[in-house]
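Engineer: Quick one, protein-v5.txt (compact mmCIF, N, CA and C atoms):
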```txt
# COMPACT_ATOMS: atom_id res chain seq x y z
N PHE A 1 6.22 -0.20 -10.71
CA PHE A 1 5.60 -0.16 -9.40
C PHE A 1 5.60 1.29 -8.96
N GLY A 2 4.67 2.04 -9.48
CA GLY A 2 4.57 3.45 -9.20
C GLY A 2 4.54 4.25 -10.48
N VAL A 3 3.83 5.38 -10.43
CA VAL A 3 3.72 6.26 -11.58
C VAL A 3 4.16 7.66 -11.17
N GLN A 4 4.70 8.38 -12.13
CA GLN A 4 5.16 9.74 -11.88
C GLN A 4 3.98 10.62 -11.51
N THR A 5 4.20 11.53 -10.57
CA THR A 5 3.14 12.45 -10.18
C THR A 5 3.67 13.87 -10.06
N THR A 6 2.85 14.83 -10.47
CA THR A 6 3.14 16.25 -10.30
C THR A 6 1.91 16.96 -9.74
N GLU A 7 0.98 16.20 -9.17
CA GLU A 7 -0.32 16.72 -8.76
C GLU A 7 -0.31 17.57 -7.50
N GLY A 8 0.53 17.26 -6.53
CA GLY A 8 0.54 17.99 -5.27
C GLY A 8 1.03 17.07 -4.17
N LYS A 9 1.12 17.63 -2.97
CA LYS A 9 1.59 16.86 -1.82
C LYS A 9 0.44 15.99 -1.30
N PRO A 10 0.61 14.66 -1.28
CA PRO A 10 -0.45 13.80 -0.77
C PRO A 10 -0.55 13.92 0.75
N VAL A 11 -1.80 14.05 1.24
CA VAL A 11 -1.99 14.16 2.69
C VAL A 11 -2.77 12.98 3.26
N SER A 12 -3.62 12.34 2.43
CA SER A 12 -4.33 11.15 2.92
C SER A 12 -4.70 10.23 1.75
N PHE A 13 -4.90 8.97 2.10
CA PHE A 13 -5.26 7.90 1.17
C PHE A 13 -6.52 7.26 1.73
N SER A 14 -7.60 7.23 0.95
CA SER A 14 -8.89 6.72 1.42
C SER A 14 -9.47 5.72 0.45
N LEU A 15 -10.28 4.83 0.99
CA LEU A 15 -11.00 3.88 0.16
C LEU A 15 -12.11 3.22 0.98
N TRP A 16 -13.04 2.64 0.25
CA TRP A 16 -14.07 1.80 0.85
C TRP A 16 -13.60 0.37 0.64
N CYS A 17 -13.67 -0.46 1.69
CA CYS A 17 -13.20 -1.82 1.54
C CYS A 17 -13.83 -2.76 2.57
N LYS A 18 -13.61 -4.05 2.35
CA LYS A 18 -14.01 -5.09 3.29
C LYS A 18 -13.06 -6.26 3.08
N TYR A 19 -12.88 -7.05 4.16
CA TYR A 19 -11.85 -8.08 4.12
C TYR A 19 -12.29 -9.32 4.89
N LYS A 20 -11.97 -10.46 4.32
CA LYS A 20 -12.17 -11.74 5.01
C LYS A 20 -10.92 -12.58 4.80
N ALA A 21 -10.31 -13.00 5.91
CA ALA A 21 -9.12 -13.85 5.84
C ALA A 21 -9.52 -15.27 5.47
N GLY A 22 -8.72 -15.89 4.64
CA GLY A 22 -8.93 -17.30 4.31
C GLY A 22 -8.68 -18.17 5.54
N PRO A 23 -9.20 -19.39 5.53
CA PRO A 23 -9.14 -20.25 6.73
C PRO A 23 -7.78 -20.89 7.01
N VAL A 24 -6.94 -21.08 5.98
CA VAL A 24 -5.68 -21.81 6.19
C VAL A 24 -4.52 -20.97 5.67
N TYR A 25 -3.63 -20.59 6.56
CA TYR A 25 -2.46 -19.78 6.22
C TYR A 25 -1.29 -20.71 5.92
N LYS A 26 -0.63 -20.47 4.79
CA LYS A 26 0.49 -21.32 4.39
C LYS A 26 1.72 -20.49 4.04
N ASP A 27 2.89 -21.10 4.26
CA ASP A 27 4.13 -20.45 3.84
C ASP A 27 4.41 -20.78 2.38
N LYS A 28 5.53 -20.29 1.86
CA LYS A 28 5.85 -20.47 0.43
C LYS A 28 6.03 -21.93 0.02
N ASP A 29 6.30 -22.81 0.99
CA ASP A 29 6.46 -24.23 0.69
C ASP A 29 5.18 -25.02 0.88
N GLY A 30 4.09 -24.32 1.22
CA GLY A 30 2.81 -24.99 1.41
C GLY A 30 2.58 -25.52 2.81
N ASN A 31 3.49 -25.22 3.73
CA ASN A 31 3.32 -25.65 5.11
C ASN A 31 2.27 -24.79 5.80
N VAL A 32 1.36 -25.43 6.54
CA VAL A 32 0.33 -24.71 7.27
C VAL A 32 0.96 -24.07 8.50
N LEU A 33 0.67 -22.77 8.69
CA LEU A 33 1.18 -22.03 9.84
C LEU A 33 0.03 -21.62 10.73
N ASP A 34 0.28 -21.51 12.02
CA ASP A 34 -0.74 -21.06 12.97
C ASP A 34 -0.74 -19.53 12.96
N LYS A 35 -1.34 -18.99 11.92
CA LYS A 35 -1.30 -17.55 11.69
C LYS A 35 -2.58 -17.14 10.96
N THR A 36 -3.07 -15.95 11.23
CA THR A 36 -4.24 -15.42 10.54
C THR A 36 -3.77 -14.39 9.52
N ASP A 37 -4.30 -14.49 8.32
CA ASP A 37 -3.94 -13.56 7.24
C ASP A 37 -4.47 -12.16 7.56
N THR A 38 -3.78 -11.16 7.07
CA THR A 38 -4.22 -9.77 7.16
C THR A 38 -3.97 -9.09 5.82
N PRO A 39 -4.73 -8.04 5.51
CA PRO A 39 -4.51 -7.35 4.24
C PRO A 39 -3.34 -6.37 4.34
N SER A 40 -2.86 -5.98 3.19
CA SER A 40 -1.84 -4.95 3.09
C SER A 40 -2.42 -3.84 2.21
N ILE A 41 -2.61 -2.68 2.80
CA ILE A 41 -3.19 -1.54 2.08
C ILE A 41 -2.33 -0.33 2.40
N TYR A 42 -1.70 0.23 1.36
CA TYR A 42 -0.89 1.43 1.59
C TYR A 42 -0.61 2.16 0.28
N ALA A 43 -0.21 3.41 0.43
CA ALA A 43 0.23 4.23 -0.70
C ALA A 43 1.57 4.85 -0.31
N VAL A 44 2.47 4.94 -1.29
CA VAL A 44 3.83 5.42 -1.04
C VAL A 44 4.19 6.50 -2.04
N LEU A 45 4.71 7.61 -1.53
CA LEU A 45 5.29 8.64 -2.38
C LEU A 45 6.81 8.49 -2.25
N TYR A 46 7.49 8.41 -3.38
CA TYR A 46 8.94 8.22 -3.32
C TYR A 46 9.63 8.92 -4.48
N GLU A 47 10.93 9.13 -4.30
CA GLU A 47 11.79 9.70 -5.34
C GLU A 47 12.75 8.61 -5.78
N PRO A 48 12.47 7.95 -6.90
CA PRO A 48 13.29 6.81 -7.30
C PRO A 48 14.72 7.19 -7.67
N GLU A 49 15.61 6.26 -7.38
CA GLU A 49 16.97 6.40 -7.89
C GLU A 49 16.91 6.13 -9.39
N LYS A 50 17.98 6.42 -10.10
CA LYS A 50 18.03 6.21 -11.56
C LYS A 50 19.01 5.09 -11.89
N ASP A 51 18.69 4.33 -12.95
CA ASP A 51 19.62 3.30 -13.42
C ASP A 51 20.66 3.94 -14.33
N ASP A 52 21.52 3.14 -14.92
CA ASP A 52 22.60 3.66 -15.77
C ASP A 52 22.09 4.40 -17.01
N ASN A 53 20.85 4.12 -17.41
CA ASN A 53 20.25 4.79 -18.56
C ASN A 53 19.46 6.03 -18.17
N GLY A 54 19.41 6.31 -16.86
CA GLY A 54 18.65 7.46 -16.40
C GLY A 54 17.18 7.16 -16.15
N ASP A 55 16.79 5.89 -16.27
CA ASP A 55 15.41 5.50 -16.03
C ASP A 55 15.19 5.28 -14.53
N PRO A 56 13.97 5.57 -14.05
CA PRO A 56 13.70 5.40 -12.61
C PRO A 56 13.73 3.92 -12.21
N ILE A 57 14.30 3.66 -11.03
CA ILE A 57 14.27 2.32 -10.45
C ILE A 57 13.07 2.30 -9.51
N ARG A 58 12.02 1.64 -9.93
CA ARG A 58 10.78 1.63 -9.15
C ARG A 58 10.89 0.70 -7.95
N LEU A 59 10.05 0.97 -6.96
CA LEU A 59 9.97 0.11 -5.79
C LEU A 59 9.44 -1.26 -6.20
N ASN A 60 9.62 -2.25 -5.32
CA ASN A 60 9.10 -3.59 -5.58
C ASN A 60 8.53 -4.17 -4.29
N GLY A 61 8.08 -5.41 -4.34
CA GLY A 61 7.44 -6.04 -3.20
C GLY A 61 8.34 -6.21 -1.99
N TYR A 62 9.64 -6.13 -2.18
CA TYR A 62 10.55 -6.30 -1.05
C TYR A 62 10.91 -4.98 -0.37
N ASN A 63 10.87 -3.87 -1.11
CA ASN A 63 11.32 -2.61 -0.52
C ASN A 63 10.27 -1.50 -0.51
N ALA A 64 9.04 -1.83 -0.86
CA ALA A 64 8.00 -0.81 -1.00
C ALA A 64 7.68 -0.06 0.29
N LYS A 65 8.00 -0.65 1.43
CA LYS A 65 7.77 0.04 2.70
C LYS A 65 9.06 0.36 3.45
N THR A 66 10.19 -0.05 2.91
CA THR A 66 11.47 0.13 3.62
C THR A 66 12.51 0.93 2.85
N SER A 67 12.28 1.22 1.59
CA SER A 67 13.27 1.89 0.77
C SER A 67 13.65 3.27 1.33
N PRO A 68 14.92 3.61 1.28
CA PRO A 68 15.33 4.95 1.71
C PRO A 68 14.87 6.05 0.75
N THR A 69 14.28 5.67 -0.38
CA THR A 69 13.78 6.68 -1.33
C THR A 69 12.36 7.15 -0.99
N ILE A 70 11.73 6.57 0.03
CA ILE A 70 10.36 6.93 0.39
C ILE A 70 10.32 8.32 1.02
N ILE A 71 9.42 9.14 0.51
CA ILE A 71 9.18 10.48 1.05
C ILE A 71 8.09 10.40 2.12
N SER A 72 6.98 9.72 1.81
CA SER A 72 5.90 9.56 2.78
C SER A 72 5.10 8.30 2.44
N ILE A 73 4.41 7.79 3.47
CA ILE A 73 3.63 6.57 3.31
C ILE A 73 2.35 6.67 4.12
N ALA A 74 1.27 6.17 3.54
CA ALA A 74 -0.03 6.07 4.21
C ALA A 74 -0.37 4.59 4.28
N GLU A 75 -0.57 4.07 5.50
CA GLU A 75 -0.72 2.63 5.66
C GLU A 75 -1.83 2.28 6.64
N ILE A 76 -2.59 1.22 6.31
CA ILE A 76 -3.64 0.74 7.18
C ILE A 76 -3.05 0.32 8.53
N ASN A 77 -3.80 0.56 9.61
CA ASN A 77 -3.33 0.13 10.93
C ASN A 77 -4.19 -1.03 11.44
N ASP A 78 -3.81 -1.60 12.57
CA ASP A 78 -4.50 -2.78 13.11
C ASP A 78 -5.97 -2.49 13.42
N GLU A 79 -6.25 -1.32 13.96
CA GLU A 79 -7.65 -0.96 14.27
C GLU A 79 -8.50 -0.92 13.00
N GLN A 80 -7.95 -0.37 11.93
CA GLN A 80 -8.67 -0.32 10.65
C GLN A 80 -8.85 -1.72 10.07
N ILE A 81 -7.84 -2.58 10.22
CA ILE A 81 -7.97 -3.96 9.75
C ILE A 81 -9.13 -4.64 10.45
N ASP A 82 -9.22 -4.45 11.76
CA ASP A 82 -10.34 -5.03 12.51
C ASP A 82 -11.67 -4.47 12.03
N ALA A 83 -11.72 -3.18 11.71
CA ALA A 83 -12.96 -2.52 11.29
C ALA A 83 -13.46 -3.02 9.93
N ILE A 84 -12.55 -3.46 9.06
CA ILE A 84 -12.99 -3.87 7.71
C ILE A 84 -13.25 -5.37 7.61
N ARG A 85 -13.00 -6.13 8.69
CA ARG A 85 -13.25 -7.58 8.66
C ARG A 85 -14.75 -7.85 8.55
N VAL A 86 -15.09 -8.79 7.68
CA VAL A 86 -16.49 -9.18 7.49
C VAL A 86 -16.59 -10.70 7.50
N ASN A 87 -17.80 -11.19 7.69
CA ASN A 87 -18.04 -12.63 7.64
C ASN A 87 -18.35 -13.10 6.23
N ASN A 88 -19.01 -12.23 5.45
CA ASN A 88 -19.43 -12.61 4.10
C ASN A 88 -19.12 -11.46 3.13
N PRO A 89 -18.01 -11.54 2.40
CA PRO A 89 -17.66 -10.45 1.48
C PRO A 89 -18.71 -10.20 0.40
N ASP A 90 -19.51 -11.20 0.08
CA ASP A 90 -20.53 -11.02 -0.96
C ASP A 90 -21.73 -10.23 -0.46
N ALA A 91 -21.98 -10.22 0.86
CA ALA A 91 -23.19 -9.59 1.38
C ALA A 91 -22.92 -8.43 2.34
N ASP A 92 -21.81 -8.47 3.08
CA ASP A 92 -21.56 -7.44 4.09
C ASP A 92 -21.15 -6.12 3.44
N ASP A 93 -21.39 -5.03 4.18
CA ASP A 93 -21.15 -3.69 3.68
C ASP A 93 -19.67 -3.31 3.66
N TYR A 94 -19.34 -2.40 2.76
CA TYR A 94 -18.01 -1.82 2.71
C TYR A 94 -17.85 -0.84 3.88
N VAL A 95 -16.61 -0.63 4.30
CA VAL A 95 -16.29 0.32 5.36
C VAL A 95 -15.29 1.32 4.79
N LYS A 96 -15.51 2.61 5.06
CA LYS A 96 -14.56 3.62 4.57
C LYS A 96 -13.44 3.78 5.59
N ILE A 97 -12.21 3.74 5.08
CA ILE A 97 -11.04 4.02 5.91
C ILE A 97 -10.20 5.11 5.25
N SER A 98 -9.51 5.86 6.08
CA SER A 98 -8.63 6.92 5.59
C SER A 98 -7.32 6.86 6.37
N MET A 99 -6.23 6.97 5.65
CA MET A 99 -4.90 6.87 6.25
C MET A 99 -4.10 8.13 5.91
N PRO A 100 -3.53 8.79 6.92
CA PRO A 100 -2.71 9.97 6.62
C PRO A 100 -1.35 9.56 6.05
N PHE A 101 -0.83 10.39 5.18
CA PHE A 101 0.55 10.20 4.72
C PHE A 101 1.48 10.70 5.83
N VAL A 102 2.41 9.85 6.22
CA VAL A 102 3.38 10.19 7.26
C VAL A 102 4.73 10.40 6.57
N GLU A 103 5.30 11.58 6.76
CA GLU A 103 6.57 11.90 6.11
C GLU A 103 7.73 11.16 6.73
N ARG A 104 8.60 10.65 5.87
CA ARG A 104 9.86 10.05 6.30
C ARG A 104 11.04 10.94 5.91
N LYS A 105 10.81 11.75 4.87
CA LYS A 105 11.80 12.71 4.39
C LYS A 105 11.05 13.99 4.06
N ALA A 106 11.78 15.08 4.02
CA ALA A 106 11.16 16.37 3.70
C ALA A 106 10.60 16.36 2.28
N PHE A 107 9.38 16.83 2.13
CA PHE A 107 8.72 16.96 0.83
C PHE A 107 9.21 18.24 0.16
N SER A 108 9.42 18.19 -1.16
CA SER A 108 9.89 19.35 -1.92
C SER A 108 8.92 19.64 -3.06
N TYR A 109 8.31 20.84 -3.04
CA TYR A 109 7.43 21.21 -4.14
C TYR A 109 8.23 21.39 -5.44
N GLU A 110 9.48 21.79 -5.31
CA GLU A 110 10.34 21.95 -6.49
C GLU A 110 10.55 20.59 -7.17
N LYS A 111 10.84 19.56 -6.37
CA LYS A 111 11.02 18.22 -6.95
C LYS A 111 9.72 17.70 -7.53
N LEU A 112 8.61 18.01 -6.87
CA LEU A 112 7.30 17.60 -7.39
C LEU A 112 7.08 18.20 -8.78
N GLU A 113 7.31 19.51 -8.91
CA GLU A 113 7.11 20.20 -10.18
C GLU A 113 8.06 19.68 -11.27
N GLN A 114 9.23 19.20 -10.86
CA GLN A 114 10.20 18.66 -11.81
C GLN A 114 9.89 17.21 -12.20
N GLY A 115 8.84 16.64 -11.62
CA GLY A 115 8.46 15.27 -11.95
C GLY A 115 9.36 14.22 -11.33
N LYS A 116 9.98 14.54 -10.22
CA LYS A 116 10.91 13.59 -9.58
C LYS A 116 10.22 12.61 -8.64
N TYR A 117 8.94 12.83 -8.34
CA TYR A 117 8.23 11.96 -7.41
C TYR A 117 7.35 10.95 -8.12
N TYR A 118 7.25 9.77 -7.53
CA TYR A 118 6.39 8.70 -8.01
C TYR A 118 5.48 8.27 -6.87
N ILE A 119 4.32 7.75 -7.23
CA ILE A 119 3.40 7.26 -6.21
C ILE A 119 2.96 5.84 -6.58
N ALA A 120 2.90 4.99 -5.57
CA ALA A 120 2.47 3.60 -5.76
C ALA A 120 1.37 3.29 -4.76
N ILE A 121 0.40 2.49 -5.18
CA ILE A 121 -0.69 2.04 -4.32
C ILE A 121 -0.64 0.52 -4.27
N VAL A 122 -0.70 -0.03 -3.08
CA VAL A 122 -0.69 -1.48 -2.90
C VAL A 122 -1.96 -1.90 -2.18
N LEU A 123 -2.64 -2.88 -2.76
CA LEU A 123 -3.87 -3.45 -2.20
C LEU A 123 -3.74 -4.96 -2.32
N SER A 124 -3.48 -5.63 -1.20
CA SER A 124 -3.27 -7.07 -1.23
C SER A 124 -4.07 -7.76 -0.14
N SER A 125 -4.62 -8.91 -0.47
CA SER A 125 -5.39 -9.67 0.52
C SER A 125 -4.49 -10.44 1.49
N SER A 126 -3.19 -10.47 1.24
CA SER A 126 -2.24 -11.14 2.13
C SER A 126 -1.05 -10.22 2.37
N SER A 127 -0.87 -9.78 3.62
CA SER A 127 0.19 -8.82 3.91
C SER A 127 1.59 -9.38 3.64
N ASP A 128 1.73 -10.70 3.67
CA ASP A 128 3.01 -11.30 3.34
C ASP A 128 3.00 -11.98 1.97
N GLY A 129 2.10 -11.54 1.12
CA GLY A 129 2.01 -12.10 -0.23
C GLY A 129 3.30 -11.93 -1.01
N ASN A 130 4.03 -10.84 -0.74
CA ASN A 130 5.31 -10.63 -1.44
C ASN A 130 6.33 -11.69 -1.05
N LEU A 131 6.09 -12.40 0.06
CA LEU A 131 6.96 -13.49 0.49
C LEU A 131 6.36 -14.85 0.11
N PHE A 132 5.27 -14.82 -0.67
CA PHE A 132 4.55 -16.01 -1.11
C PHE A 132 3.95 -16.75 0.09
N GLU A 133 3.45 -15.97 1.06
CA GLU A 133 2.77 -16.53 2.21
C GLU A 133 1.39 -15.91 2.31
N GLY A 134 0.44 -16.68 2.85
CA GLY A 134 -0.90 -16.16 3.08
C GLY A 134 -1.93 -17.27 3.00
N ALA A 135 -3.17 -16.87 3.12
CA ALA A 135 -4.28 -17.81 3.02
C ALA A 135 -4.89 -17.67 1.63
N VAL A 136 -4.96 -18.78 0.91
CA VAL A 136 -5.39 -18.77 -0.49
C VAL A 136 -6.77 -18.13 -0.67
N ASP A 137 -7.68 -18.35 0.24
CA ASP A 137 -9.05 -17.85 0.07
C ASP A 137 -9.30 -16.49 0.72
N SER A 138 -8.25 -15.74 1.06
CA SER A 138 -8.45 -14.41 1.60
C SER A 138 -9.08 -13.52 0.53
N SER A 139 -9.95 -12.60 0.97
CA SER A 139 -10.68 -11.76 0.04
C SER A 139 -10.63 -10.30 0.48
N LEU A 140 -10.13 -9.44 -0.40
CA LEU A 140 -10.10 -8.00 -0.16
C LEU A 140 -10.89 -7.34 -1.29
N CYS A 141 -11.96 -6.66 -0.93
CA CYS A 141 -12.79 -5.94 -1.90
C CYS A 141 -12.60 -4.45 -1.66
N VAL A 142 -12.34 -3.68 -2.73
CA VAL A 142 -12.10 -2.24 -2.60
C VAL A 142 -12.94 -1.47 -3.61
N ASP A 143 -13.24 -0.22 -3.25
CA ASP A 143 -14.01 0.66 -4.11
C ASP A 143 -13.66 2.11 -3.76
N GLU A 144 -13.83 2.99 -4.70
CA GLU A 144 -13.68 4.43 -4.52
C GLU A 144 -12.38 4.82 -3.84
N ILE A 145 -11.28 4.49 -4.45
CA ILE A 145 -9.95 4.84 -3.94
C ILE A 145 -9.67 6.30 -4.26
N SER A 146 -9.13 7.03 -3.27
CA SER A 146 -8.78 8.42 -3.54
C SER A 146 -7.55 8.84 -2.73
N ILE A 147 -6.80 9.76 -3.28
CA ILE A 147 -5.69 10.37 -2.59
C ILE A 147 -5.98 11.85 -2.53
N THR A 148 -6.00 12.41 -1.32
CA THR A 148 -6.23 13.84 -1.12
C THR A 148 -4.89 14.54 -1.13
N ILE A 149 -4.80 15.62 -1.90
CA ILE A 149 -3.55 16.38 -1.99
C ILE A 149 -3.80 17.81 -1.50
N GLU A 150 -2.70 18.45 -1.06
CA GLU A 150 -2.86 19.86 -0.66
C GLU A 150 -2.31 20.77 -1.73
```
Would you give me this structure, written as structure tokens?
Structural biologist:
Amino acid sequence: FGVQTTEGKPVSFSLWCKYKAGPVYKDKDGNVLDKTDTPSIYAVLYEPEKDDNGDPIRLNGYNAKTSPTIISIAEINDEQIDAIRVNNPDADDYVKISMPFVERKAFSYEKLEQGKYYIAIVLSSSSDGNLFEGAVDSSLCVDEISITIE
């Protein structure tokens, strides 16, 4: 969940996308909830801890936005979610959105050059999909993903 990067400091994450929430939201046990699905779109720069063999411990669906190893994160906001909602994903147009990377820890060019940073991109049609919740028929279509670096 993430690949090593030495490219530069990420400043923004952009893509063209469109989204339609499925009609019935369910929890992990299949119970219908009075909730509307939303997408999860974000990119994370992090410095992974190492396991006993010296291999990186990558982020996962439970800690990808909360890990103390995160250096910066670019994440879709509610206004952007509203902007990408469509009635017909097969016919409606894509919308371009751009999200700035917000630092949580100081960025180090030295660590970047040493290959200590990893970057992960998450694109999910259900923001709580990692908890096995969401609407089965939710649809997230994406195109032209880019990360701008300085």
Engineer: From the options A:Asp143, A:Asp78, A:Glu133, A:Asp51, which residue's atoms come nearest to A:Gly30, counting all atoms listed in the file?
Structural biologist: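 Among the listed residues, A:Glu133 lies closest to A:Gly30.
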Engineer: Hey, what's within 7 Å of A:Arg104 if we count only N, CA and C atoms and toss same-chain stuff fewer than 4 positions away? As a PyMOL selection string, please?
Structural biologist: chain A and resi 70-73
Engineer: My list of candidates is A:Gly134, A:Thr69, A:Val122, A:Thr6. Which is closest to A:Glu49 when distances are computed with only C-alpha atoms?
Structural biologist: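 Among A:Gly134, A:Thr69, A:Val122, A:Thr6, it is A:Thr69 that comes nearest to A:Glu49.
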Engineer: Step one, run DSSP on the backbone; step two, keep only residues of chain A assigned to strand (DSSP E or B); then write them as a PyMOL selection string.
Structural biologist: chain A and resi 3-5+10-20+25-26+32-33+40-46+50+56+70-75+85+95-100+102-103+117-124+134-135+139-149
Engineer: Given the choices A:Gln80, A:Asn60, A:Thr38, A:Ser14, which gets closest to A:Thr148 if the distance is worked out from only C-alpha atoms?
Structural biologist: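 With only C-alpha atoms as the atom set, the closest residue is A:Ser14.
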Engineer: Name the residues of chain A that fall into alpha helix (DSSP H) according to DSSP on the backbone, using the chain letters and numbers of this document, as number ranges by chain.
Structural biologist: A: 78-84, 109-113
Engineer: So the first atom is atom CA of A:Pro39 and the second is atom C of A:Ala83; what is the distance between them in Å, to one decimal place?
Structural biologist: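 These two atoms are separated by 11.5 Å.
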Engineer: Skip A:Lys35 itself and residues of its chain fewer than 3 positions away, then list as a PyMOL selection string all residues within 9 Å of it, counting only C-alpha atoms.
Structural biologist: chain A and resi 24-26+32+134
Engineer: Looking at A:Ala74, A:Ile145, A:Trp16, A:Asn63, which one is nearest to A:Tyr42, with distances taken over all atoms listed in the file?
Structural biologist: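 Residue with the minimum atom-to-atom distance to A:Tyr42: A:Ala74.
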Engineer: So how many Å separate atom CA of A:Tyr19 and atom CA of A:Tyr118, to one decimal?
Structural biologist: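 It comes out at 27.6 Å.
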